[in-house]
file data-v9.cif (mmCIF, C-alpha atoms)
data_run
#
loop_
_atom_site.group_PDB
_atom_site.id
_atom_site.type_symbol
_atom_site.label_atom_id
_atom_site.label_comp_id
_atom_site.auth_asym_id
_atom_site.auth_seq_id
_atom_site.Cartn_x
_atom_site.Cartn_y
_atom_site.Cartn_z
ATOM 1 C CA MET A 10 96.422 92.986 -5.254
ATOM 2 C CA THR A 11 100.063 93.803 -4.665
ATOM 3 C CA PHE A 12 102.664 92.637 -2.250
ATOM 4 C CA THR A 13 106.232 93.034 -1.050
ATOM 5 C CA TYR A 14 108.170 91.058 1.469
ATOM 6 C CA ARG A 15 111.063 91.750 3.785
ATOM 7 C CA LEU A 16 113.531 89.061 4.606
ATOM 8 C CA ALA A 17 115.665 88.711 7.730
ATOM 9 C CA LEU A 18 118.110 85.969 8.513
ATOM 10 C CA SER A 19 115.745 84.468 11.034
ATOM 11 C CA ALA A 20 112.330 85.775 10.099
ATOM 12 C CA VAL A 21 110.127 86.918 7.258
ATOM 13 C CA LEU A 22 108.046 90.048 7.674
ATOM 14 C CA THR A 23 105.330 90.645 5.112
ATOM 15 C CA THR A 24 103.960 94.047 4.212
ATOM 16 C CA LEU A 25 101.638 95.308 1.476
ATOM 17 C CA VAL A 26 103.500 97.514 -0.960
ATOM 18 C CA ALA A 27 103.946 97.587 -4.755
ATOM 19 C CA CYS A 28 104.796 94.301 -6.445
ATOM 20 C CA GLY A 29 107.664 94.303 -8.907
ATOM 21 C CA GLY A 30 108.625 91.525 -11.253
ATOM 22 C CA SER A 31 110.051 93.684 -13.975
ATOM 23 C CA GLY A 32 110.045 97.289 -14.877
ATOM 24 C CA GLY A 33 112.554 98.489 -12.307
ATOM 25 C CA THR A 34 115.776 100.287 -12.942
ATOM 26 C CA SER A 35 118.638 98.864 -14.994
ATOM 27 C CA ASP A 36 122.199 98.856 -13.727
ATOM 28 C CA THR A 37 125.462 99.606 -15.471
ATOM 29 C CA VAL A 38 127.087 96.666 -17.224
ATOM 30 C CA THR A 39 130.227 95.603 -15.347
ATOM 31 C CA THR A 40 132.972 94.554 -17.747
ATOM 32 C CA THR A 41 136.286 92.797 -17.465
ATOM 33 C CA GLU A 42 138.405 92.617 -20.580
ATOM 34 C CA THR A 43 140.445 89.439 -21.287
ATOM 35 C CA ALA A 44 103.998 74.766 -29.183
ATOM 36 C CA THR A 45 100.811 75.836 -28.406
ATOM 37 C CA SER A 46 99.633 73.128 -25.994
ATOM 38 C CA GLY A 47 96.788 74.457 -23.923
ATOM 39 C CA THR A 48 95.575 76.844 -26.621
ATOM 40 C CA ASP A 49 93.078 76.560 -29.431
ATOM 41 C CA SER A 50 94.252 78.207 -32.601
ATOM 42 C CA GLY A 51 92.016 80.462 -34.587
ATOM 43 C CA SER A 52 92.984 82.018 -37.890
ATOM 44 C CA SER A 53 96.730 82.037 -38.369
ATOM 45 C CA SER A 54 99.057 83.165 -41.120
ATOM 46 C CA THR A 55 102.803 83.608 -40.937
ATOM 47 C CA THR A 56 105.022 84.445 -43.861
ATOM 48 C CA GLY A 57 108.676 85.302 -44.202
ATOM 49 C CA GLU A 58 111.409 85.710 -46.766
ATOM 50 C CA THR A 59 115.155 85.350 -46.750
ATOM 51 C CA GLY A 60 117.352 88.424 -46.834
ATOM 52 C CA SER A 61 120.983 88.612 -47.904
ATOM 53 C CA SER A 62 122.730 91.680 -46.609
ATOM 54 C CA ALA A 63 125.847 92.041 -44.499
ATOM 55 C CA SER A 64 125.189 95.764 -44.160
ATOM 56 C CA GLY A 65 122.505 95.346 -41.525
ATOM 57 C CA SER A 66 119.385 95.676 -43.691
ATOM 58 C CA THR A 67 116.663 93.376 -42.388
ATOM 59 C CA ASP A 68 114.250 93.939 -45.285
ATOM 60 C CA PRO A 69 112.289 91.826 -46.310
ATOM 61 C CA VAL A 70 112.667 89.252 -43.523
ATOM 62 C CA LEU A 71 109.337 88.627 -41.735
ATOM 63 C CA CYS A 72 107.919 91.895 -43.023
ATOM 64 C CA ASP A 73 104.478 90.332 -43.211
ATOM 65 C CA TYR A 74 104.103 88.302 -40.049
ATOM 66 C CA ASN A 75 100.818 88.070 -38.222
ATOM 67 C CA ASP A 76 98.857 85.646 -36.111
ATOM 68 C CA THR A 77 95.617 85.318 -34.198
ATOM 69 C CA THR A 78 95.388 82.613 -31.533
ATOM 70 C CA LEU A 79 92.366 81.945 -29.356
ATOM 71 C CA ASN A 80 93.435 81.009 -25.822
ATOM 72 C CA THR A 81 91.206 78.753 -23.720
ATOM 73 C CA GLN A 82 93.502 78.265 -20.752
ATOM 74 C CA PRO A 83 92.464 78.543 -17.106
ATOM 75 C CA SER A 84 94.609 81.659 -16.645
ATOM 76 C CA LEU A 85 94.178 83.069 -20.137
ATOM 77 C CA THR A 86 91.073 83.479 -22.269
ATOM 78 C CA TYR A 87 92.123 86.519 -24.282
ATOM 79 C CA THR A 88 92.837 86.056 -27.976
ATOM 80 C CA SER A 89 96.454 86.768 -28.918
ATOM 81 C CA VAL A 90 96.725 89.188 -31.841
ATOM 82 C CA TYR A 91 99.901 90.576 -33.368
ATOM 83 C CA THR A 92 100.952 92.082 -36.694
ATOM 84 C CA TRP A 93 104.368 93.027 -38.035
ATOM 85 C CA ASN A 94 104.731 94.963 -41.266
ATOM 86 C CA CYS A 95 107.315 97.119 -43.006
ATOM 87 C CA ASN A 96 107.443 100.274 -45.085
ATOM 88 C CA GLU A 97 110.481 101.673 -46.883
ATOM 89 C CA SER A 98 112.494 102.221 -43.703
ATOM 90 C CA THR A 99 110.617 100.900 -40.681
ATOM 91 C CA ARG A 100 109.432 97.618 -39.197
ATOM 92 C CA SER A 101 106.280 98.150 -37.109
ATOM 93 C CA LEU A 102 104.487 96.035 -34.528
ATOM 94 C CA THR A 103 100.942 96.312 -33.275
ATOM 95 C CA ALA A 104 99.780 93.733 -30.732
ATOM 96 C CA ASN A 105 97.776 93.203 -27.581
ATOM 97 C CA GLY A 106 100.646 91.629 -25.626
ATOM 98 C CA ILE A 107 98.797 88.358 -25.078
ATOM 99 C CA PRO A 108 100.933 85.200 -25.388
ATOM 100 C CA ASP A 109 100.011 82.658 -28.057
ATOM 101 C CA HIS A 110 101.202 79.550 -26.221
ATOM 102 C CA GLU A 111 100.602 77.645 -23.019
ATOM 103 C CA ILE A 112 101.348 79.631 -19.871
ATOM 104 C CA GLY A 113 101.507 78.975 -16.143
ATOM 105 C CA THR A 114 98.942 79.872 -13.493
ATOM 106 C CA PHE A 115 98.420 83.595 -12.906
ATOM 107 C CA PRO A 116 97.833 84.965 -10.360
ATOM 108 C CA ASN A 117 99.991 82.669 -8.243
ATOM 109 C CA ALA A 118 101.404 82.823 -4.710
ATOM 110 C CA ALA A 119 104.544 84.658 -5.798
ATOM 111 C CA ASN A 120 103.000 86.739 -8.589
ATOM 112 C CA PRO A 121 99.544 88.081 -7.693
ATOM 113 C CA ASN A 122 98.860 89.777 -11.037
ATOM 114 C CA THR A 123 96.365 88.880 -13.753
ATOM 115 C CA ILE A 124 97.214 89.019 -17.463
ATOM 116 C CA THR A 125 95.323 91.718 -19.342
ATOM 117 C CA GLU A 126 95.423 93.059 -22.869
ATOM 118 C CA GLN A 127 98.023 95.722 -23.581
ATOM 119 C CA ASP A 128 98.302 98.411 -26.237
ATOM 120 C CA VAL A 129 101.583 97.379 -27.863
ATOM 121 C CA SER A 130 103.069 99.566 -30.559
ATOM 122 C CA ALA A 131 106.706 99.625 -31.638
ATOM 123 C CA SER A 132 108.676 100.782 -34.672
ATOM 124 C CA TYR A 133 112.224 99.698 -35.460
ATOM 125 C CA THR A 134 114.562 100.624 -38.281
ATOM 126 C CA LEU A 135 114.995 98.252 -41.205
ATOM 127 C CA SER A 136 118.617 99.385 -41.522
ATOM 128 C CA PRO A 137 120.175 98.858 -38.093
ATOM 129 C CA THR A 138 123.720 100.080 -37.558
ATOM 130 C CA GLN A 139 126.056 98.392 -35.117
ATOM 131 C CA THR A 140 127.979 100.755 -32.838
ATOM 132 C CA SER A 141 130.700 100.331 -30.216
ATOM 133 C CA THR A 142 128.343 101.608 -27.519
ATOM 134 C CA ALA A 143 126.130 99.406 -25.361
ATOM 135 C CA SER A 144 122.850 101.186 -24.610
ATOM 136 C CA GLU A 145 121.000 99.728 -21.638
ATOM 137 C CA LEU A 146 117.257 99.242 -21.871
ATOM 138 C CA GLY A 147 114.587 97.570 -19.778
ATOM 139 C CA GLY A 148 112.166 98.751 -17.121
ATOM 140 C CA PRO A 149 111.471 102.493 -17.378
ATOM 141 C CA ARG A 150 114.061 102.782 -20.164
ATOM 142 C CA GLY A 151 111.781 100.769 -22.434
ATOM 143 C CA ALA A 152 111.689 97.213 -23.742
ATOM 144 C CA THR A 153 114.909 95.810 -25.149
ATOM 145 C CA GLY A 154 112.763 94.260 -27.846
ATOM 146 C CA TYR A 155 109.736 92.126 -28.584
ATOM 147 C CA VAL A 156 109.293 88.471 -29.306
ATOM 148 C CA LEU A 157 107.464 87.962 -32.598
ATOM 149 C CA ASN A 158 104.210 87.293 -30.729
ATOM 150 C CA GLY A 159 104.165 90.885 -29.446
ATOM 151 C CA VAL A 160 105.206 90.032 -25.884
ATOM 152 C CA LYS A 161 107.962 92.277 -24.559
ATOM 153 C CA ILE A 162 111.426 91.293 -23.412
ATOM 154 C CA ASP A 163 112.346 92.734 -20.017
ATOM 155 C CA ALA A 164 115.038 90.628 -18.386
ATOM 156 C CA GLY A 165 115.696 92.739 -15.290
ATOM 157 C CA THR A 166 113.414 93.207 -12.301
ATOM 158 C CA GLY A 167 112.168 95.977 -10.046
ATOM 159 C CA GLY A 168 113.284 94.101 -6.950
ATOM 160 C CA SER A 169 116.193 94.905 -4.649
ATOM 161 C CA CYS A 170 117.774 94.436 -1.216
ATOM 162 C CA ASP A 171 119.575 96.809 1.092
ATOM 163 C CA ASP A 172 123.172 96.132 2.098
ATOM 164 C CA SER A 173 122.158 94.164 5.161
ATOM 165 C CA GLY A 174 119.894 91.854 3.187
ATOM 166 C CA THR A 175 117.231 92.136 5.870
ATOM 167 C CA ALA A 176 115.044 94.479 3.817
ATOM 168 C CA CYS A 177 114.277 93.077 0.373
ATOM 169 C CA SER A 178 111.392 93.944 -1.926
ATOM 170 C CA LEU A 179 110.359 92.395 -5.215
ATOM 171 C CA GLY A 180 108.798 95.698 -6.220
ATOM 172 C CA ASP A 181 111.109 98.403 -4.905
ATOM 173 C CA PRO A 182 114.250 99.070 -6.977
ATOM 174 C CA SER A 183 115.751 101.574 -4.518
ATOM 175 C CA GLY A 184 117.977 99.075 -2.714
ATOM 176 C CA SER A 185 121.655 98.717 -3.550
ATOM 177 C CA TRP A 186 121.370 95.130 -4.774
ATOM 178 C CA SER A 187 119.164 94.370 -7.789
ATOM 179 C CA ILE A 188 117.425 91.008 -7.544
ATOM 180 C CA GLU A 189 117.538 88.634 -10.502
ATOM 181 C CA ALA A 190 114.397 86.823 -11.647
ATOM 182 C CA LEU A 191 116.177 83.742 -13.008
ATOM 183 C CA GLY A 192 119.209 81.630 -12.175
ATOM 184 C CA GLN A 193 118.777 81.826 -8.408
ATOM 185 C CA SER A 194 116.647 80.227 -5.717
ATOM 186 C CA SER A 195 116.672 82.933 -3.043
ATOM 187 C CA PHE A 196 113.653 84.809 -4.401
ATOM 188 C CA ASP A 197 110.515 83.659 -6.172
ATOM 189 C CA PHE A 198 109.004 85.894 -8.845
ATOM 190 C CA GLY A 199 106.364 83.359 -9.836
ATOM 191 C CA THR A 200 107.713 82.818 -13.350
ATOM 192 C CA ASP A 201 106.248 80.043 -15.491
ATOM 193 C CA ASP A 202 107.922 77.523 -17.807
ATOM 194 C CA ASN A 203 108.364 80.297 -20.371
ATOM 195 C CA ASN A 204 110.526 82.265 -17.914
ATOM 196 C CA ALA A 205 107.788 84.871 -17.861
ATOM 197 C CA HIS A 206 105.347 86.404 -15.427
ATOM 198 C CA VAL A 207 102.986 89.362 -15.088
ATOM 199 C CA GLN A 208 103.605 92.968 -14.111
ATOM 200 C CA PRO A 209 101.122 94.840 -11.875
ATOM 201 C CA GLY A 210 99.612 96.478 -14.964
ATOM 202 C CA GLY A 211 98.799 93.078 -16.456
ATOM 203 C CA ALA A 212 101.678 92.835 -18.935
ATOM 204 C CA TYR A 213 102.945 89.298 -19.444
ATOM 205 C CA HIS A 214 106.652 89.557 -20.302
ATOM 206 C CA TYR A 215 109.731 87.389 -20.737
ATOM 207 C CA HIS A 216 112.775 87.386 -18.471
ATOM 208 C CA GLY A 217 114.378 84.539 -20.363
ATOM 209 C CA MET A 218 113.894 81.832 -22.959
ATOM 210 C CA PRO A 219 110.269 81.929 -24.266
ATOM 211 C CA GLU A 220 109.987 78.166 -24.487
ATOM 212 C CA GLY A 221 106.357 77.978 -25.600
ATOM 213 C CA PHE A 222 106.883 80.369 -28.481
ATOM 214 C CA ILE A 223 110.113 78.650 -29.513
ATOM 215 C CA SER A 224 108.184 75.403 -29.749
ATOM 216 C CA LYS A 225 105.497 77.130 -31.808
ATOM 217 C CA ARG A 226 108.220 78.318 -34.203
ATOM 218 C CA GLY A 227 109.563 74.770 -34.482
ATOM 219 C CA GLY A 228 112.792 75.602 -32.700
ATOM 220 C CA ASN A 229 115.184 72.733 -32.013
ATOM 221 C CA SER A 230 118.883 71.875 -31.949
ATOM 222 C CA SER A 231 119.051 71.404 -35.715
ATOM 223 C CA THR A 232 118.179 74.947 -36.715
ATOM 224 C CA MET A 233 118.615 78.576 -35.771
ATOM 225 C CA THR A 234 115.271 80.053 -34.755
ATOM 226 C CA LEU A 235 114.509 83.751 -35.150
ATOM 227 C CA ILE A 236 112.160 84.717 -32.317
ATOM 228 C CA GLY A 237 112.084 88.514 -32.202
ATOM 229 C CA TRP A 238 113.490 91.931 -32.948
ATOM 230 C CA ALA A 239 115.552 94.119 -30.643
ATOM 231 C CA ALA A 240 114.875 97.823 -30.137
ATOM 232 C CA ASP A 241 117.778 98.721 -32.438
ATOM 233 C CA GLY A 242 116.296 96.659 -35.295
ATOM 234 C CA PHE A 243 118.626 93.661 -35.141
ATOM 235 C CA PRO A 244 117.194 90.109 -34.977
ATOM 236 C CA ILE A 245 117.052 87.881 -31.892
ATOM 237 C CA TYR A 246 117.578 84.113 -32.040
ATOM 238 C CA ALA A 247 116.864 81.383 -29.510
ATOM 239 C CA ARG A 248 119.639 79.348 -27.982
ATOM 240 C CA TYR A 249 121.412 77.846 -31.026
ATOM 241 C CA GLY A 250 123.947 79.434 -33.365
ATOM 242 C CA TYR A 251 126.727 78.285 -35.660
ATOM 243 C CA SER A 252 129.860 77.134 -33.846
ATOM 244 C CA VAL A 253 131.868 79.196 -36.358
ATOM 245 C CA ALA A 254 130.116 82.534 -36.591
ATOM 246 C CA ASP A 255 130.722 83.108 -40.298
ATOM 247 C CA ASP A 256 130.314 79.505 -41.458
ATOM 248 C CA ALA A 257 126.785 78.211 -42.028
ATOM 249 C CA SER A 258 128.171 74.715 -42.627
ATOM 250 C CA SER A 259 129.586 74.521 -39.104
ATOM 251 C CA GLU A 260 127.726 72.656 -36.385
ATOM 252 C CA LEU A 261 125.108 74.376 -34.322
ATOM 253 C CA LYS A 262 125.887 74.873 -30.652
ATOM 254 C CA ASN A 263 124.114 76.178 -27.587
ATOM 255 C CA MET A 264 125.289 79.772 -27.304
ATOM 256 C CA GLU A 265 126.676 80.854 -23.938
ATOM 257 C CA GLY A 266 126.772 84.344 -22.520
ATOM 258 C CA SER A 267 130.107 85.845 -21.507
ATOM 259 C CA TYR A 268 129.218 86.746 -17.940
ATOM 260 C CA GLN A 269 130.910 85.222 -14.910
ATOM 261 C CA PHE A 270 130.530 85.634 -11.164
ATOM 262 C CA ILE A 271 132.452 88.632 -9.876
ATOM 263 C CA ALA A 272 136.012 87.863 -8.818
ATOM 264 C CA GLU A 273 135.734 89.738 -5.522
ATOM 265 C CA VAL A 274 132.571 89.930 -3.468
ATOM 266 C CA SER A 275 131.921 93.398 -2.053
ATOM 267 C CA SER A 276 131.985 93.679 1.719
ATOM 268 C CA SER A 277 128.729 95.639 1.496
ATOM 269 C CA ARG A 278 126.904 92.792 -0.254
ATOM 270 C CA PRO A 279 124.315 90.828 1.730
ATOM 271 C CA SER A 280 125.802 87.588 3.011
ATOM 272 C CA VAL A 281 126.461 84.915 0.401
ATOM 273 C CA ASP A 282 125.450 82.393 3.054
ATOM 274 C CA THR A 283 121.938 83.834 2.899
ATOM 275 C CA TYR A 284 121.883 84.845 -0.761
ATOM 276 C CA PRO A 285 124.345 82.781 -2.828
ATOM 277 C CA LEU A 286 126.064 84.407 -5.805
ATOM 278 C CA GLY A 287 123.646 84.855 -8.671
ATOM 279 C CA ALA A 288 120.866 86.333 -6.569
ATOM 280 C CA PHE A 289 121.774 89.886 -7.603
ATOM 281 C CA ARG A 290 122.642 91.514 -10.874
ATOM 282 C CA GLN A 291 125.795 92.934 -9.317
ATOM 283 C CA ASP A 292 127.049 89.366 -8.811
ATOM 284 C CA TRP A 293 127.827 89.165 -12.522
ATOM 285 C CA GLU A 294 130.502 90.762 -14.666
ATOM 286 C CA TYR A 295 131.157 90.594 -18.382
ATOM 287 C CA VAL A 296 134.402 88.787 -19.189
ATOM 288 C CA GLU A 297 135.237 89.124 -22.860
ATOM 289 C CA GLY A 298 135.927 85.778 -24.522
ATOM 290 C CA SER A 299 134.594 83.661 -21.672
ATOM 291 C CA GLY A 300 131.532 82.757 -23.730
ATOM 292 C CA ASP A 301 130.305 83.135 -27.292
ATOM 293 C CA LEU A 302 128.698 86.555 -27.089
ATOM 294 C CA ASP A 303 129.385 90.194 -26.276
ATOM 295 C CA GLU A 304 128.100 92.205 -23.322
ATOM 296 C CA CYS A 305 124.674 92.538 -24.967
ATOM 297 C CA ASN A 306 124.411 88.809 -25.726
ATOM 298 C CA GLY A 307 125.083 89.396 -29.406
ATOM 299 C CA ARG A 308 127.630 88.755 -32.121
ATOM 300 C CA VAL A 309 128.219 89.228 -35.848
ATOM 301 C CA GLY A 310 127.690 86.132 -37.971
ATOM 302 C CA VAL A 311 125.649 84.395 -40.620
ATOM 303 C CA THR A 312 122.128 83.160 -39.976
ATOM 304 C CA PRO A 313 119.563 81.355 -42.160
ATOM 305 C CA GLU A 314 117.758 84.645 -42.812
ATOM 306 C CA PHE A 315 120.974 86.639 -43.280
ATOM 307 C CA PRO A 316 123.454 84.384 -45.105
ATOM 308 C CA GLU A 317 125.891 87.246 -45.698
ATOM 309 C CA GLY A 318 126.062 87.996 -41.994
ATOM 310 C CA ILE A 319 124.541 90.470 -39.586
ATOM 311 C CA TYR A 320 124.841 91.495 -35.960
ATOM 312 C CA HIS A 321 122.248 89.535 -33.963
ATOM 313 C CA TYR A 322 121.276 88.651 -30.387
ATOM 314 C CA TYR A 323 120.524 85.427 -28.550
ATOM 315 C CA ALA A 324 118.270 84.286 -25.767
ATOM 316 C CA THR A 325 120.540 81.983 -23.760
ATOM 317 C CA ASP A 326 120.270 79.426 -21.002
ATOM 318 C CA THR A 327 123.080 81.226 -19.195
ATOM 319 C CA TYR A 328 123.187 84.744 -17.764
ATOM 320 C CA PRO A 329 122.004 87.290 -18.902
ATOM 321 C CA PHE A 330 119.272 85.022 -20.427
ATOM 322 C CA PHE A 331 118.032 87.881 -22.648
ATOM 323 C CA GLN A 332 120.046 90.932 -23.647
ATOM 324 C CA ARG A 333 119.994 93.825 -21.164
ATOM 325 C CA CYS A 334 121.430 96.298 -23.699
ATOM 326 C CA VAL A 335 121.634 96.868 -27.438
ATOM 327 C CA LYS A 336 124.666 97.594 -29.607
ATOM 328 C CA GLY A 337 122.826 99.254 -32.494
ATOM 329 C CA ALA A 338 122.128 102.953 -32.895
ATOM 330 C CA LEU A 339 118.830 104.044 -31.338
#
call {"tool": "encode", "arguments": {"input": "data-v9.cif", "output": "structure tokens"}}
result
Amino acid sequence: MTFTYRLALSAVLTTLVACGGSGGTSDTVTTTETATSGTDSGSSSTTGETGSSASGSTDPVLCDYNDTTLNTQPSLTYTSVYTWNCNESTRSLTANGIPDHEIGTFPNAANPNTITEQDVSASYTLSPTQTSTASELGGPRGATGYVLNGVKIDAGTGGSCDDSGTACSLGDPSGSWSIEALGQSSFDFGTDDNNAHVQPGGAYHYHGMPEGFISKRGGNSSTMTLIGWAADGFPIYARYGYSVADDASSELKNMEGSYQFIAEVSSSRPSVDTYPLGAFRQDWEYVEGSGDLDECNGRVGVTPEFPEGIYHYYATDTYPFFQRCVKGAL
């Protein structure tokens, strides 16, 4: 079952169309310079080693990482299966896209889709190269990366509004204003406590911090936690990084993105009285130095797995929540 809704200042008109969530178009980055609760575990094995290369090589970190988790949740009875392995030059993932942690209720009133198994297959270089170019991914451009459990990262949505704000759809990206899934209260995409929900094709996917998986990995404020790999081959960490990027003895801090609300609100934007700033992707602009990270939510620095330093990304509690672009060569 699919749905779309239209919003007016004084009324809500509902019509059956395609439901979005994620998988819509991605917009150009605007820049300004200056635990497994609720699941029963089956067989499980996870192994990893520590690398030491500042050149960008990620071999042999987590080159043999696999898990099988039996879910017995009301909204999820599929077994989660994922395998990562490496050859001489490539890190490969095969998975069924089923989460391995507690999830919310799906379908729900705002997200009428049911989780189903997916055919997940991805291959990333073991020798990523940082570039000066930000390549946008997400939606039809492809996943920006995968969390280690084989669930894709897709922070944007397929929802939009027209300039008047009276015609908004969670599943139609053709409007001028791209709706955000997180960080706003004007629209409800039915996300759960993992900042995730389900696409019409049954794919469970993350828009932001994958809290359940972070807990499963033992993530907390006393350690950096590697949670995935980006499409360019660089690692992705959750929330915490060293306060001094190249000093592993410095305190850990909650990383903040470098996006701020736009300085001037366009006259063509739907009213901020109806949709406060933050409702749309175009409400944000990258302001270099305003946070800890670059326009793709990444930086160069040391990590537990890469003590000599490497470019890496973060899932953050602040916009953009997960990277919308990658800085490595594709």
call {"tool": "residues_around", "arguments": {"input": "data-v9.cif", "residues": "Thr140 (chain A)", "least_positions_apart": "4", "cutoff": "7 Å", "atoms": "all atoms listed in the file", "output": "PyMOL selection string"}}
result
chain A and resi 336-338
call {"tool": "residues_around", "arguments": {"input": "data-v9.cif", "residues": "Ser194 (chain A)", "least_positions_apart": "4", "cutoff": "9 Å", "atoms": "all atoms listed in the file", "output": "list in words"}}
result
Tyr284, Pro285, Gly287 and Ala288 of chain A
call {"tool": "closest_residue", "arguments": {"input": "data-v9.cif", "among": "A:Val253, A:Thr134, A:Ser141, A:Leu157", "to": "Val90 (chain A)", "atoms": "only C-alpha atoms"}}
result
A:Leu157
call {"tool": "residues_around", "arguments": {"input": "data-v9.cif", "residues": "region 112-128 of chain A", "least_positions_apart": "3", "cutoff": "7 Å", "atoms": "only C-alpha atoms", "output": "list of chain:residue names"}}
result
A:Met10, A:Thr11, A:Ser84, A:Ala104, A:Asn105, A:Gly106, A:Ile107, A:Asp197, A:Phe198, A:Gly199, A:Asp201, A:Asp202, A:Val207, A:Gln208, A:Pro209, A:Gly211, A:Ala212, A:Tyr213
call {"tool": "closest_residue", "arguments": {"input": "data-v9.cif", "among": "A:Gly266, A:Gly167, A:Pro279, A:Pro329", "to": "Gly217 (chain A)", "atoms": "all atoms listed in the file"}}
result
A:Pro329
call {"tool": "resolve_selection", "arguments": {"input": "data-v9.cif", "expression": "the PyMOL selection byres ((chain A and resi 306) around 10)", "output": "list of chain:residue names"}}
result
A:Ile245, A:Met264, A:Glu265, A:Gly266, A:Ser267, A:Tyr268, A:Gly300, A:Asp301, A:Leu302, A:Asp303, A:Glu304, A:Cys305, A:Gly307, A:Arg308, A:His321, A:Tyr322, A:Tyr323, A:Ala324, A:Thr325, A:Tyr328, A:Pro329, A:Phe330, A:Phe331, A:Gln332, A:Arg333, A:Cys334, A:Val335, A:Lys336
call {"tool": "atom_distance", "arguments": {"input": "data-v9.cif", "atom1": "CA of Lys262 (chain A)", "atom2": "CA of Ala152 (chain A)"}}
result
27.4 Å
call {"tool": "resolve_selection", "arguments": {"input": "data-v9.cif", "expression": "the PyMOL selection byres ((chain A and resi 216) around 9)", "output": "PDB file with C-alpha atoms, in the coordinates of the input"}}
result
ATOM      1  CA  SER A  31     110.051  93.684 -13.975  1.00  0.00           C
ATOM      2  CA  ILE A 162     111.426  91.293 -23.412  1.00  0.00           C
ATOM      3  CA  ASP A 163     112.346  92.734 -20.017  1.00  0.00           C
ATOM      4  CA  ALA A 164     115.038  90.628 -18.386  1.00  0.00           C
ATOM      5  CA  GLY A 165     115.696  92.739 -15.290  1.00  0.00           C
ATOM      6  CA  THR A 166     113.414  93.207 -12.301  1.00  0.00           C
ATOM      7  CA  ALA A 190     114.397  86.823 -11.647  1.00  0.00           C
ATOM      8  CA  LEU A 191     116.177  83.742 -13.008  1.00  0.00           C
ATOM      9  CA  THR A 200     107.713  82.818 -13.350  1.00  0.00           C
ATOM     10  CA  ASN A 203     108.364  80.297 -20.371  1.00  0.00           C
ATOM     11  CA  ASN A 204     110.526  82.265 -17.914  1.00  0.00           C
ATOM     12  CA  ALA A 205     107.788  84.871 -17.861  1.00  0.00           C
ATOM     13  CA  HIS A 206     105.347  86.404 -15.427  1.00  0.00           C
ATOM     14  CA  HIS A 214     106.652  89.557 -20.302  1.00  0.00           C
ATOM     15  CA  TYR A 215     109.731  87.389 -20.737  1.00  0.00           C
ATOM     16  CA  GLY A 217     114.378  84.539 -20.363  1.00  0.00           C
ATOM     17  CA  MET A 218     113.894  81.832 -22.959  1.00  0.00           C
ATOM     18  CA  PRO A 219     110.269  81.929 -24.266  1.00  0.00           C
ATOM     19  CA  PHE A 330     119.272  85.022 -20.427  1.00  0.00           C
ATOM     20  CA  PHE A 331     118.032  87.881 -22.648  1.00  0.00           C
TER      21      PHE A 331
END
call {"tool": "closest_residue", "arguments": {"input": "data-v9.cif", "among": "A:Gln269, A:Asn263, A:Trp186, A:Val160", "to": "Gly237 (chain A)", "atoms": "all atoms listed in the file"}}
result
A:Val160
call {"tool": "atom_distance", "arguments": {"input": "data-v9.cif", "atom1": "CA of Thr86 (chain A)", "atom2": "CA of Val129 (chain A)"}}
result
18.3 Å
call {"tool": "atom_distance", "arguments": {"input": "data-v9.cif", "atom1": "CA of Ala254 (chain A)", "atom2": "CA of Thr312 (chain A)"}}
result
8.7 Å
call {"tool": "resolve_selection", "arguments": {"input": "data-v9.cif", "expression": "the PyMOL selection byres ((chain A and resi 168) around 6)", "output": "PyMOL selection string"}}
result
chain A and resi 29+166-167+169+178-182+187-188
call {"tool": "write_last_selection", "arguments": {"input": "data-v9.cif", "atoms": "C-alpha atoms", "output": "PDB file, in the coordinates of the input"}}
result
ATOM      1  CA  GLY A  29     107.664  94.303  -8.907  1.00  0.00           C
ATOM      2  CA  THR A 166     113.414  93.207 -12.301  1.00  0.00           C
ATOM      3  CA  GLY A 167     112.168  95.977 -10.046  1.00  0.00           C
ATOM      4  CA  SER A 169     116.193  94.905  -4.649  1.00  0.00           C
ATOM      5  CA  SER A 178     111.392  93.944  -1.926  1.00  0.00           C
ATOM      6  CA  LEU A 179     110.359  92.395  -5.215  1.00  0.00           C
ATOM      7  CA  GLY A 180     108.798  95.698  -6.220  1.00  0.00           C
ATOM      8  CA  ASP A 181     111.109  98.403  -4.905  1.00  0.00           C
ATOM      9  CA  PRO A 182     114.250  99.070  -6.977  1.00  0.00           C
ATOM     10  CA  SER A 187     119.164  94.370  -7.789  1.00  0.00           C
ATOM     11  CA  ILE A 188     117.425  91.008  -7.544  1.00  0.00           C
TER      12      ILE A 188
END
call {"tool": "residues_around", "arguments": {"input": "data-v9.cif", "residues": "Asp172 (chain A)", "least_positions_apart": "6", "cutoff": "12 Å", "atoms": "only C-alpha atoms", "output": "list in words"}}
result
Ala17, Ser183, Gly184, Ser185, Trp186, Ser187, Ser275, Ser276, Ser277, Arg278, Pro279, Ser280, Val281, Tyr284 and Phe289 of chain A
call {"tool": "closest_residue", "arguments": {"input": "data-v9.cif", "among": "A:Cys72, A:Ala176, A:Val309, A:Ala131", "to": "Thr153 (chain A)", "atoms": "all atoms listed in the file"}}
result
A:Ala131
call {"tool": "axis_aligned_box", "arguments": {"input": "data-v9.cif", "around": "region 227-241 of chain A", "padding_each_side": "8 Å", "output": "JSON"}}
result
{"center_x": 114.3, "center_y": 85.1, "center_z": -33.4, "size_x": 25.5, "size_y": 43.3, "size_z": 22.6}
call {"tool": "residues_around", "arguments": {"input": "data-v9.cif", "residues": "Phe222 (chain A)", "least_positions_apart": "3", "cutoff": "9 Å", "atoms": "all atoms listed in the file", "output": "ChimeraX atom specification"}}
result
/A:44-45,108-111,156-158,203,219,225-228,236
